[in-house]
Structures are given as structure tokens and as C-alpha cells.
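Chemist: Dropping in start_12.csv, with CSV, C-alpha atoms and all ligand atoms.
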```csv
chain,number,residue,atom,x,y,z
G,25,MET,CA,-10.4,-17.3,10.9
G,26,LYS,CA,-10.6,-15.0,13.9
G,27,ILE,CA,-11.3,-11.4,13.1
G,28,PHE,CA,-10.7,-8.6,15.6
G,29,ILE,CA,-13.6,-6.2,15.8
G,30,ASP,CA,-13.6,-3.6,18.6
G,31,GLY,CA,-11.7,-5.7,21.1
G,32,LYS,CA,-13.5,-9.0,20.4
G,33,TYR,CA,-12.7,-11.9,18.1
G,34,ARG,CA,-15.4,-13.0,15.6
G,35,SER,CA,-15.6,-15.9,13.2
G,36,GLU,CA,-15.6,-15.1,9.5
G,37,GLN,CA,-19.4,-15.6,9.5
G,38,ASP,CA,-20.0,-13.3,12.4
G,39,ALA,CA,-17.5,-10.6,11.4
G,40,LYS,CA,-20.0,-8.0,10.2
G,41,VAL,CA,-20.4,-4.3,10.3
G,42,SER,CA,-23.7,-2.3,10.4
G,43,VAL,CA,-25.2,-1.0,7.1
G,44,PHE,CA,-25.3,2.3,9.0
G,45,ASP,CA,-21.5,2.4,9.4
G,46,HIS,CA,-20.2,5.4,7.6
G,47,GLY,CA,-17.3,3.4,6.4
G,48,LEU,CA,-19.8,1.6,4.2
G,49,LEU,CA,-22.1,4.5,3.5
G,50,TYR,CA,-19.4,7.0,2.6
G,51,GLY,CA,-16.0,5.4,2.6
G,52,ASP,CA,-15.4,7.4,5.7
G,53,GLY,CA,-12.5,5.7,7.4
G,54,VAL,CA,-8.8,4.7,7.0
G,55,PHE,CA,-6.9,1.5,6.5
G,56,GLU,CA,-3.5,-0.2,6.4
G,57,GLY,CA,-2.2,-3.2,4.6
G,58,ILE,CA,0.7,-4.9,6.5
G,59,ARG,CA,2.6,-8.1,5.9
G,60,ALA,CA,4.2,-10.6,8.2
G,61,TYR,CA,7.1,-12.7,7.1
G,62,HIS,CA,8.7,-15.7,8.9
G,63,GLY,CA,6.9,-14.9,12.2
G,64,ARG,CA,7.7,-11.2,12.2
G,65,VAL,CA,5.5,-8.2,11.3
G,66,PHE,CA,7.4,-6.2,8.8
G,67,LYS,CA,7.5,-2.4,9.4
G,68,LEU,CA,4.7,-2.6,12.0
G,69,LYS,CA,5.5,0.8,13.6
G,70,GLU,CA,5.7,2.6,10.2
G,71,HIS,CA,2.3,1.3,9.2
G,72,ILE,CA,0.6,2.1,12.5
G,73,ASP,CA,2.2,5.6,12.4
G,74,ARG,CA,0.7,6.1,8.9
G,75,LEU,CA,-2.7,4.8,10.1
G,76,PHE,CA,-2.7,7.5,12.9
G,77,TYR,CA,-1.6,10.2,10.4
G,78,SER,CA,-4.4,9.2,8.0
G,79,ALA,CA,-6.9,9.3,10.9
G,80,LYS,CA,-5.7,12.7,12.1
G,81,ALA,CA,-6.1,14.1,8.6
G,82,ILE,CA,-9.7,13.1,8.5
G,83,LEU,CA,-10.4,14.1,12.2
G,84,LEU,CA,-11.0,10.5,13.1
G,85,GLU,CA,-10.1,9.6,16.7
G,86,ILE,CA,-9.0,6.0,16.9
G,87,PRO,CA,-10.3,4.6,20.2
G,88,MET,CA,-7.0,2.8,21.0
G,89,THR,CA,-3.4,4.0,21.5
G,90,GLN,CA,-0.7,3.2,18.9
G,91,ALA,CA,0.7,0.7,21.3
G,92,GLU,CA,-2.7,-1.0,21.7
G,93,VAL,CA,-3.2,-1.2,17.9
G,94,MET,CA,0.2,-2.7,17.5
G,95,GLN,CA,-0.4,-5.2,20.2
G,96,ALA,CA,-3.9,-6.1,18.8
G,97,THR,CA,-2.3,-6.6,15.3
G,98,VAL,CA,0.3,-9.0,16.6
G,99,GLU,CA,-2.3,-10.8,18.8
G,100,THR,CA,-4.7,-11.2,15.9
G,101,ILE,CA,-2.0,-12.9,13.8
G,102,ARG,CA,-1.2,-15.1,16.8
G,103,ALA,CA,-4.9,-16.0,17.3
G,104,ASN,CA,-4.9,-17.2,13.7
G,105,LYS,CA,-1.6,-19.1,14.2
G,106,LEU,CA,-0.1,-17.4,11.2
G,107,ARG,CA,3.6,-16.7,10.4
G,108,ASP,CA,3.4,-15.4,6.9
G,109,CYS,CA,0.3,-13.3,6.2
G,110,TYR,CA,-1.3,-10.1,5.2
G,111,VAL,CA,-3.0,-7.9,7.7
G,112,ARG,CA,-5.8,-5.5,6.8
G,113,LEU,CA,-6.4,-2.9,9.5
G,114,ILE,CA,-9.5,-0.8,9.2
G,115,VAL,CA,-10.8,2.0,11.2
G,116,THR,CA,-14.3,3.2,10.2
G,117,ARG,CA,-16.1,6.3,11.4
G,118,GLY,CA,-18.6,3.9,13.0
G,119,ILE,CA,-22.4,3.7,13.1
G,120,GLY,CA,-24.3,6.9,12.3
G,121,THR,CA,-27.5,8.1,10.6
G,122,LEU,CA,-28.4,8.2,6.9
G,123,GLY,CA,-26.7,11.5,6.4
G,124,LEU,CA,-23.1,12.2,5.8
G,125,ASN,CA,-22.4,14.3,8.9
G,126,PRO,CA,-19.8,12.4,10.9
G,127,ARG,CA,-21.2,14.0,14.1
G,128,SER,CA,-23.8,11.3,14.1
G,129,CYS,CA,-21.1,8.7,14.5
G,130,LYS,CA,-20.4,8.1,18.2
G,131,LYS,CA,-17.7,5.5,18.1
G,132,PRO,CA,-15.2,4.5,15.4
G,133,SER,CA,-14.7,0.8,14.8
G,134,VAL,CA,-11.4,-1.0,14.7
G,135,ILE,CA,-11.2,-4.1,12.6
G,136,ILE,CA,-8.2,-6.4,12.1
G,137,ILE,CA,-8.2,-9.2,9.5
G,138,ALA,CA,-5.2,-11.5,9.2
G,139,GLY,CA,-5.3,-13.5,6.0
G,140,LYS,CA,-3.6,-14.1,2.7
G,141,ILE,CA,-3.2,-11.8,-0.3
G,142,GLN,CA,-2.0,-12.4,-3.8
G,143,VAL,CA,-1.7,-9.1,-5.5
G,144,TYR,CA,-0.2,-10.2,-8.8
G,145,PRO,CA,0.5,-13.5,-10.6
G,146,PRO,CA,3.7,-15.0,-9.1
G,147,GLU,CA,5.4,-15.6,-12.5
G,148,LEU,CA,5.4,-11.8,-13.2
G,149,TYR,CA,8.1,-11.3,-10.6
G,150,SER,CA,10.6,-13.1,-12.8
G,151,ARG,CA,9.1,-12.1,-16.2
G,152,GLY,CA,8.2,-8.5,-15.4
G,153,MET,CA,5.0,-6.7,-15.9
G,154,ASP,CA,3.2,-4.8,-18.6
G,155,ILE,CA,1.4,-1.7,-17.4
G,156,VAL,CA,-0.4,1.3,-18.8
G,157,THR,CA,-0.9,4.9,-17.8
G,158,VAL,CA,-4.6,5.7,-17.5
G,159,PRO,CA,-7.0,8.6,-18.1
G,160,THR,CA,-8.2,8.6,-14.5
G,161,VAL,CA,-6.2,11.4,-12.8
G,162,ARG,CA,-4.9,10.9,-9.2
G,163,ASN,CA,-6.9,12.7,-6.6
G,164,LEU,CA,-5.9,16.3,-6.0
G,165,HIS,CA,-4.2,17.3,-2.7
G,166,SER,CA,-6.9,19.9,-2.4
G,167,ALA,CA,-9.6,17.2,-2.6
G,168,VAL,CA,-9.1,13.9,-0.9
G,169,ASN,CA,-5.3,14.0,-0.3
G,170,PRO,CA,-3.6,10.9,-1.8
G,171,ALA,CA,-1.4,10.8,1.3
G,172,ILE,CA,-4.5,9.7,3.3
G,173,LYS,CA,-5.0,5.9,3.1
G,174,SER,CA,-8.7,6.3,3.3
G,175,LEU,CA,-11.5,3.8,2.7
G,176,ASN,CA,-12.4,5.8,-0.4
G,177,TYR,CA,-10.4,4.0,-3.1
G,178,LEU,CA,-12.7,4.7,-6.0
G,179,ASN,CA,-10.0,6.8,-7.7
G,180,ASN,CA,-7.7,3.8,-7.6
G,181,ILE,CA,-10.5,1.3,-8.5
G,182,LEU,CA,-11.4,3.3,-11.7
G,183,ALA,CA,-7.7,3.2,-12.7
G,184,LYS,CA,-7.6,-0.5,-12.1
G,185,ILE,CA,-10.7,-1.0,-14.3
G,186,GLU,CA,-8.8,0.9,-17.0
G,187,ALA,CA,-5.9,-1.5,-16.6
G,188,ASN,CA,-8.3,-4.4,-16.8
G,189,ASN,CA,-9.8,-3.0,-20.0
G,190,ALA,CA,-6.3,-2.6,-21.5
G,191,GLY,CA,-5.6,-6.2,-20.6
G,192,VAL,CA,-2.8,-5.5,-18.2
G,193,GLU,CA,-2.3,-6.0,-14.5
G,194,GLU,CA,-1.7,-2.5,-13.2
G,195,ALA,CA,-2.3,1.1,-14.0
G,196,VAL,CA,-0.2,4.1,-13.4
G,197,MET,CA,-2.0,7.4,-12.6
G,198,LEU,CA,-0.8,10.8,-13.6
G,199,ASN,CA,-1.7,13.9,-11.6
G,200,ALA,CA,-3.7,16.8,-12.9
G,201,GLU,CA,-0.4,18.4,-14.3
G,202,GLY,CA,0.4,15.3,-16.2
G,203,PHE,CA,3.3,14.1,-13.9
G,204,VAL,CA,3.5,10.5,-12.8
G,205,ALA,CA,1.8,9.9,-9.5
G,206,GLU,CA,1.6,6.2,-8.6
G,207,GLY,CA,-0.1,2.9,-9.3
G,208,THR,CA,-3.4,1.8,-7.8
G,209,ALA,CA,-1.8,0.2,-4.8
G,210,ASP,CA,1.9,0.8,-5.4
G,211,ASN,CA,4.5,3.5,-5.8
G,212,ILE,CA,6.6,3.6,-9.0
G,213,PHE,CA,10.4,3.9,-9.5
G,214,ILE,CA,12.6,4.1,-12.6
G,215,SER,CA,16.3,3.9,-13.0
G,216,LYS,CA,18.5,5.8,-15.4
G,217,HIS,CA,22.3,5.3,-15.5
G,218,ARG,CA,22.1,3.6,-12.1
G,219,THR,CA,20.2,6.4,-10.4
G,220,LEU,CA,16.7,5.8,-9.1
G,221,PHE,CA,13.9,8.3,-9.6
G,222,THR,CA,10.5,8.3,-7.9
G,223,PRO,CA,7.8,10.9,-7.9
G,224,PRO,CA,7.8,13.2,-4.9
G,225,LEU,CA,4.9,12.9,-2.5
G,226,SER,CA,3.7,16.3,-3.8
G,227,ALA,CA,3.1,14.6,-7.2
G,228,GLY,CA,0.3,12.6,-5.6
G,229,ALA,CA,2.0,9.5,-4.2
G,230,LEU,CA,1.2,7.7,-1.0
G,231,TYR,CA,4.0,7.9,1.5
G,232,GLY,CA,4.7,4.2,0.8
G,233,VAL,CA,6.4,2.1,3.5
G,234,THR,CA,7.9,-0.1,0.8
G,235,ARG,CA,9.0,3.0,-1.2
G,236,ASN,CA,10.8,4.2,1.9
G,237,THR,CA,12.4,0.8,2.5
G,238,VAL,CA,13.6,0.7,-1.2
G,239,MET,CA,15.1,4.2,-0.8
G,240,GLU,CA,17.1,3.0,2.2
G,241,LEU,CA,18.2,-0.2,0.5
G,242,ALA,CA,19.3,1.7,-2.5
G,243,GLU,CA,21.3,4.1,-0.4
G,244,GLN,CA,23.1,1.1,1.3
G,245,LEU,CA,24.0,-0.2,-2.2
G,246,GLY,CA,25.4,3.2,-3.0
G,247,VAL,CA,22.7,4.0,-5.5
G,248,LYS,CA,21.4,7.6,-5.5
G,249,VAL,CA,17.7,8.1,-5.2
G,250,SER,CA,16.1,11.3,-6.5
G,251,GLU,CA,12.5,12.4,-5.8
G,252,THR,CA,11.7,14.1,-9.1
G,253,ASN,CA,8.6,14.9,-11.1
G,254,LEU,CA,8.5,12.3,-13.9
G,255,THR,CA,6.5,12.4,-17.2
G,256,ARG,CA,5.4,9.5,-19.4
G,257,TYR,CA,8.4,10.2,-21.6
G,258,ASP,CA,10.7,9.6,-18.6
G,259,LEU,CA,9.0,6.2,-18.0
G,260,PHE,CA,9.3,5.2,-21.6
G,261,ASN,CA,13.0,6.0,-21.7
G,262,ALA,CA,14.0,4.5,-18.4
G,263,ASP,CA,16.7,1.8,-18.1
G,264,GLU,CA,14.5,0.0,-15.6
G,265,CYS,CA,11.2,0.4,-13.9
G,266,PHE,CA,9.5,-1.3,-10.9
G,267,LEU,CA,6.5,-0.9,-8.6
G,268,THR,CA,6.7,-1.1,-4.8
G,269,GLY,CA,4.0,-1.9,-2.2
G,270,THR,CA,3.3,-4.0,0.8
G,271,GLY,CA,1.2,-6.3,-1.3
G,272,ALA,CA,3.2,-6.0,-4.6
G,273,GLU,CA,6.6,-6.0,-2.8
G,274,ILE,CA,8.9,-5.1,-5.7
G,275,MET,CA,7.5,-5.8,-9.2
G,276,PRO,CA,9.7,-5.3,-12.2
G,277,VAL,CA,7.9,-3.5,-15.1
G,278,ILE,CA,9.0,-4.3,-18.7
G,279,LYS,CA,6.5,-2.5,-20.8
G,280,ILE,CA,4.6,0.8,-20.4
G,281,ASP,CA,1.9,1.8,-22.9
G,282,GLY,CA,3.4,-0.5,-25.5
G,283,ARG,CA,6.9,0.8,-25.1
G,284,VAL,CA,9.5,-1.8,-24.1
G,285,ILE,CA,11.5,-0.7,-21.0
G,286,GLY,CA,15.2,-1.2,-21.2
G,287,SER,CA,16.1,-4.6,-22.3
G,288,GLY,CA,12.5,-5.9,-22.0
G,289,LYS,CA,13.6,-8.0,-19.0
G,290,PRO,CA,13.8,-7.2,-15.3
G,291,GLY,CA,16.9,-5.1,-14.8
G,292,ALA,CA,20.0,-5.9,-12.7
G,293,LEU,CA,19.2,-3.1,-10.2
G,294,SER,CA,15.6,-4.2,-9.8
G,295,LEU,CA,16.7,-7.8,-9.2
G,296,GLN,CA,19.3,-6.7,-6.7
G,297,LEU,CA,16.7,-4.7,-4.8
G,298,ILE,CA,14.2,-7.6,-4.8
G,299,GLU,CA,16.9,-9.8,-3.3
G,300,GLU,CA,17.9,-7.2,-0.6
G,301,TYR,CA,14.2,-6.6,0.2
G,302,HIS,CA,13.5,-10.3,0.7
G,303,THR,CA,16.6,-10.6,2.9
G,304,LEU,CA,15.3,-7.7,5.0
G,305,THR,CA,11.9,-9.3,5.5
G,306,LYS,CA,13.6,-12.4,6.9
G,307,VAL,CA,15.7,-10.6,9.5
G,308,SER,CA,13.6,-7.7,10.7
G,309,GLY,CA,10.2,-7.0,12.1
G,310,ALA,CA,8.2,-7.3,15.3
G,311,PRO,CA,8.2,-10.9,16.5
G,312,ILE,CA,4.8,-12.5,16.7
G,313,TYR,CA,5.7,-15.5,18.9
G,314,LYS,CA,8.1,-15.0,21.8
G,401,LIG,N1,0.0,3.7,-3.2
G,401,LIG,C1,-1.2,3.4,-2.9
G,401,LIG,C2,-2.4,4.1,-3.4
G,401,LIG,C3,-1.4,2.3,-2.0
G,401,LIG,O1,-2.7,1.9,-1.6
G,401,LIG,C4,1.0,2.0,-1.9
G,401,LIG,C5,1.1,3.1,-2.8
G,401,LIG,C6,2.2,1.3,-1.4
G,401,LIG,O2,2.4,1.6,0.0
G,401,LIG,P1,3.1,0.6,1.0
G,401,LIG,O3,3.1,1.4,2.3
G,401,LIG,O4,2.3,-0.6,1.1
G,401,LIG,O5,4.4,0.4,0.4
G,401,LIG,C7,-0.3,1.6,-1.5
G,401,LIG,C8,-0.5,0.4,-0.6
G,401,LIG,C9,-4.7,-3.9,-1.5
G,401,LIG,C10,-3.5,-3.4,-0.9
G,401,LIG,O6,-5.2,-4.9,-1.0
G,401,LIG,C11,-3.2,-2.0,-1.0
G,401,LIG,C12,-2.0,-1.5,-0.5
G,401,LIG,C13,-1.1,-2.4,0.1
G,401,LIG,C14,-1.4,-3.7,0.2
G,401,LIG,C15,-2.6,-4.2,-0.3
G,401,LIG,O7,-5.2,-3.3,-2.5
G,401,LIG,N2,-1.7,-0.2,-0.7
```
Using C-alpha cells, write down the structure from this file.
Ligand code: PXG

Modeler:
Amino acid sequence: MKIFIDGKYRSEQDAKVSVFDHGLLYGDGVFEGIRAYHGRVFKLKEHIDRLFYSAKAILLEIPMTQAEVMQATVETIRANKLRDCYVRLIVTRGIGTLGLNPRSCKKPSVIIIAGKIQVYPPELYSRGMDIVTVPTVRNLHSAVNPAIKSLNYLNNILAKIEANNAGVEEAVMLNAEGFVAEGTADNIFISKHRTLFTPPLSAGALYGVTRNTVMELAEQLGVKVSETNLTRYDLFNADECFLTGTGAEIMPVIKIDGRVIGSGKPGALSLQLIEEYHTLTKVSGAPIYK
């Protein structure tokens, strides 16, 4: 495996960061998770845009232009001779002193790893997933804004531990007001009478690239999408529910906190969107090989 670190390729063994990197010491940095399908990088520009927005929000100056980061992403996939893969793009604050002040960090590090990811067991895509809402509340906007895809994922990891303890694969976090925010690495949708509902970004959801794609696909299918505050009650009484994310893609949900959703099987609209999504991944994206 060839891993891009600050303009050079390193082997898996040599791909290391300093213990003084503030990405490690404080979770000070940002990241993206991107997928490539059939030799094309899916929604590359959207992910790079978000990376730069996240960086701007934490006053982190990425030492490359957007075009350079896009090019380096494609080149890293090419260097690893991959066609279908998962790319983890990381920008850390860089090496500093043992003290949290980012002023001591002179140069951010850019790391690109092209590999494989399996977020959920494959059989769940046809069977549907059992999830729980968890006590860990989604970060407040006024604290670490959930719109920032930062290296500080403890909020999400705590929620995932609560899902593990409940014996299910994924957790849904509520915000401080009790409205549904999102999963640990995915956004959530429900459908009711063939209208889709998803929490607004103000509820504490990441501006998900897959969320946006699903909203566009739904529109093309003539299905209305409404960004609305949702409660647990709304989830329990939905006709259908699914999660969206680059890693997760579209995952049907069939049980929430012990309540069976709809028919207890992946719904027709969910299955239709999964099919449309897979079609889109086949025909769009930035080509890796000329
Ligand atoms: N919410 C959160 C908190 C996320 O981290 C999403 C929603 C979905 O966003 P996209 O843009 O991917 O549709 C994410 C995405 C991982 C991993 O390895 C995490 C994500 C994506 C891929 C892999 O944990 N986060």
C-alpha cells in the first residue's frame, strides 16, 4: 500500500505521524471519507469542498489548493492500482509542542490513504438493520459544531459504544433538545406516505454528501423531501427508515429501540433509492484512469 503524506508516498510500515502532531494529541484536524466505484471517484469535488469548509471553520490552512488535493487523491488511488476503494483524507494541525495552543504547529500535514472499508455486515443491506437511540447527545453547535468533520470523533465513538452495548450495529444520536440528529457516521431519513423526512442541519447533522445525493435522487423520482425536526416518536411511526453515508451507502432500518418500523422489511422506496444510488455510482464520478 502506498500512502500519501505531505507530497511523498510511504509504505504502510513507514506511514507514520509524530507523537507531537496535534491531530494525535488533541484531535486537532479534519478528515473526509470518499469512495471510488468502477474506476471513478464518487462526488470528489463535494468531499473536497467540505474538507476545506471544515478546515476553514477550525482556522486550519491546508497547504495545498483544492485542485491539488483532488489530484493527489486520484493519484494516490492510481498509485495503489485500485478501481473500487475507500479513501481517507486527513489534514492534521501538524507537529507542535506539548500544549494545546495551535500556534506552535508550523505546518499542517496532508495524509491520503486509499484502501478498503466495510462499515456494516453485507447481509444487512437486504435484511435491514436494528438500531437504537442513545443517551450520548450530539455535540452542540456552540461547542464543536457537528458540521465540522473534525478528527475529534469521541462524541460519535461514545454513541457507537452504546450501540455495541445494546447489541446493535448503529446508534442514532438526539440533540440537546431531544430532536433526532444523526448516526455515528451516517445521516438518517424516514418516509411517511411516500414523503421523505430528514433532520435539518440545524438539528446537528453533518452536511452529508450521500444525504444530498439521496435528496436529489428522491426529487427525480417525484418524491418530496422535507428537512424537519424529528422526534423518536416520528422514527417509531415511520413507514420506512434508512441511513445514508459514504461508508454505509443506503442502509435500510427495520427496528428502532425495539419498535418494528413499517412492515419490518426494507421498504419499497428505500429499495428503489438503493438501486438508483448504485446506478449513479456506476455512471458518475471523476475518472481515475484516462
Ligand atoms: N454523519 C457523520 C457524523 C459522518 O461522519 C455522515 C454523517 C455521512 O456523510 P457522507 O458525506 O459520507 O454522506 C458521516 C460520514 C468511518 C466513516 O470510517 C465515516 C464517514 C464516512 C465514511 C466512513 O467511520 N462519515

Chemist: Closest to Pro276 in chain G among G:Ala190, G:Ile155, G:Met25, G:Leu122, using only C-alpha atoms?

Modeler: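 Of the candidates, the smallest distance to Pro276 in chain G is held by G:Ile155.
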
Chemist: Give one line per residue of chain G that approaches ligand LIG 401 (chain G) to at most 6 Å, naming the two atoms of the closest pair and their distance in Å to one decimal, counting only C-alpha atoms and all ligand atoms; sort by chain then ascending residue number and deliver it as JSON lines.

Modeler:
```
{"residue": "G:Gly57", "atom": "CA", "partner": "G:LIG401", "partner_atom": "C14", "distance": 4.5}
{"residue": "G:Thr208", "atom": "CA", "partner": "G:LIG401", "partner_atom": "C2", "distance": 5.1}
{"residue": "G:Ala209", "atom": "CA", "partner": "G:LIG401", "partner_atom": "C3", "distance": 3.5}
{"residue": "G:Asp210", "atom": "CA", "partner": "G:LIG401", "partner_atom": "C5", "distance": 3.6}
{"residue": "G:Asn211", "atom": "CA", "partner": "G:LIG401", "partner_atom": "C5", "distance": 4.6}
{"residue": "G:Leu230", "atom": "CA", "partner": "G:LIG401", "partner_atom": "N1", "distance": 4.7}
{"residue": "G:Gly232", "atom": "CA", "partner": "G:LIG401", "partner_atom": "O3", "distance": 3.6}
{"residue": "G:Val233", "atom": "CA", "partner": "G:LIG401", "partner_atom": "O3", "distance": 3.6}
{"residue": "G:Thr234", "atom": "CA", "partner": "G:LIG401", "partner_atom": "O5", "distance": 3.6}
{"residue": "G:Arg235", "atom": "CA", "partner": "G:LIG401", "partner_atom": "O5", "distance": 5.5}
{"residue": "G:Thr268", "atom": "CA", "partner": "G:LIG401", "partner_atom": "O5", "distance": 5.9}
{"residue": "G:Gly269", "atom": "CA", "partner": "G:LIG401", "partner_atom": "O5", "distance": 3.5}
{"residue": "G:Thr270", "atom": "CA", "partner": "G:LIG401", "partner_atom": "O4", "distance": 3.6}
{"residue": "G:Gly271", "atom": "CA", "partner": "G:LIG401", "partner_atom": "C14", "distance": 4.0}
```

Chemist: Which polymer residues have any atom within 9 Å of an atom of range 214-225 of chain G, counting all atoms listed in the file, with same-chain residues fewer than 3 positions away left out, as a PDB file with C-alpha atoms, in the frame of the given file?

Modeler:
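Dumped to selection_34.pdb:
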```
ATOM      1  CA  PRO G 170      -3.600  10.900  -1.800  1.00  0.00           C
ATOM      2  CA  ALA G 171      -1.400  10.800   1.300  1.00  0.00           C
ATOM      3  CA  PHE G 203       3.300  14.100 -13.900  1.00  0.00           C
ATOM      4  CA  VAL G 204       3.500  10.500 -12.800  1.00  0.00           C
ATOM      5  CA  ALA G 205       1.800   9.900  -9.500  1.00  0.00           C
ATOM      6  CA  GLU G 206       1.600   6.200  -8.600  1.00  0.00           C
ATOM      7  CA  ASN G 211       4.500   3.500  -5.800  1.00  0.00           C
ATOM      8  CA  GLY G 228       0.300  12.600  -5.600  1.00  0.00           C
ATOM      9  CA  ALA G 229       2.000   9.500  -4.200  1.00  0.00           C
ATOM     10  CA  LEU G 230       1.200   7.700  -1.000  1.00  0.00           C
ATOM     11  CA  TYR G 231       4.000   7.900   1.500  1.00  0.00           C
ATOM     12  CA  ARG G 235       9.000   3.000  -1.200  1.00  0.00           C
ATOM     13  CA  MET G 239      15.100   4.200  -0.800  1.00  0.00           C
ATOM     14  CA  ALA G 242      19.300   1.700  -2.500  1.00  0.00           C
ATOM     15  CA  VAL G 247      22.700   4.000  -5.500  1.00  0.00           C
ATOM     16  CA  LYS G 248      21.400   7.600  -5.500  1.00  0.00           C
ATOM     17  CA  VAL G 249      17.700   8.100  -5.200  1.00  0.00           C
ATOM     18  CA  SER G 250      16.100  11.300  -6.500  1.00  0.00           C
ATOM     19  CA  GLU G 251      12.500  12.400  -5.800  1.00  0.00           C
ATOM     20  CA  THR G 252      11.700  14.100  -9.100  1.00  0.00           C
ATOM     21  CA  ASN G 253       8.600  14.900 -11.100  1.00  0.00           C
ATOM     22  CA  LEU G 254       8.500  12.300 -13.900  1.00  0.00           C
ATOM     23  CA  ASP G 258      10.700   9.600 -18.600  1.00  0.00           C
ATOM     24  CA  LEU G 259       9.000   6.200 -18.000  1.00  0.00           C
ATOM     25  CA  ASN G 261      13.000   6.000 -21.700  1.00  0.00           C
ATOM     26  CA  ALA G 262      14.000   4.500 -18.400  1.00  0.00           C
ATOM     27  CA  ASP G 263      16.700   1.800 -18.100  1.00  0.00           C
ATOM     28  CA  GLU G 264      14.500   0.000 -15.600  1.00  0.00           C
ATOM     29  CA  CYS G 265      11.200   0.400 -13.900  1.00  0.00           C
ATOM     30  CA  PHE G 266       9.500  -1.300 -10.900  1.00  0.00           C
ATOM     31  CA  LEU G 267       6.500  -0.900  -8.600  1.00  0.00           C
ATOM     32  CA  LEU G 293      19.200  -3.100 -10.200  1.00  0.00           C
ATOM     33  CA  SER G 294      15.600  -4.200  -9.800  1.00  0.00           C
TER      34      SER G 294
END
```

Chemist: Residues within 12 Å of Gly191 in chain G, please, as number ranges by chain. Count only C-alpha atoms; anything in the same chain fewer than 2 positions from it doesn't count.

Modeler: G: 153-156, 184-189, 193-195, 281-282

Chemist: Could you tell me which of G:Pro290, G:Gly309, G:Pro159, G:Gly47 comes closest to Leu124 in chain G if we count only C-alpha atoms?

Modeler: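 Result for the nearest residue to Leu124 in chain G: G:Gly47.
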
Chemist: For CA of Lys279 in chain G and CA of Val192 in chain G, quote the distance in Å rounded to one decimal.

Modeler: 10.1 Å

Chemist: Which one is closest to Tyr177 in chain G: G:Gly53, G:Gly31, G:Gly202, G:Pro311? Count all atoms listed in the file.

Modeler: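 Nearest to Tyr177 in chain G: G:Gly53.
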
Chemist: Can you pull out the residues contacting Lys80 in chain G? Cut-off 12 Å, using all atoms listed in the file, and skip same-chain residues under 3 positions away; I want them as an NGL selection string.

Modeler: :G and (53-54 or 73-77 or 83-86 or 115 or 171-174)

Chemist: Name the closest residue to Glu56 in chain G among the candidates G:Ile114, G:Leu68, G:Cys109, G:Leu295; distances are taken between atoms, counting all atoms listed in the file.

Modeler: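 With all atoms listed in the file as the atom set, the closest residue is G:Ile114.
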
Chemist: Find the residues near Thr305 in chain G: any atom within 9 Å, counting all atoms listed in the file, skip ones fewer than 6 places away on the same chain, and give them as a ChimeraX atom specification.

Modeler: /G:60-62,64-66
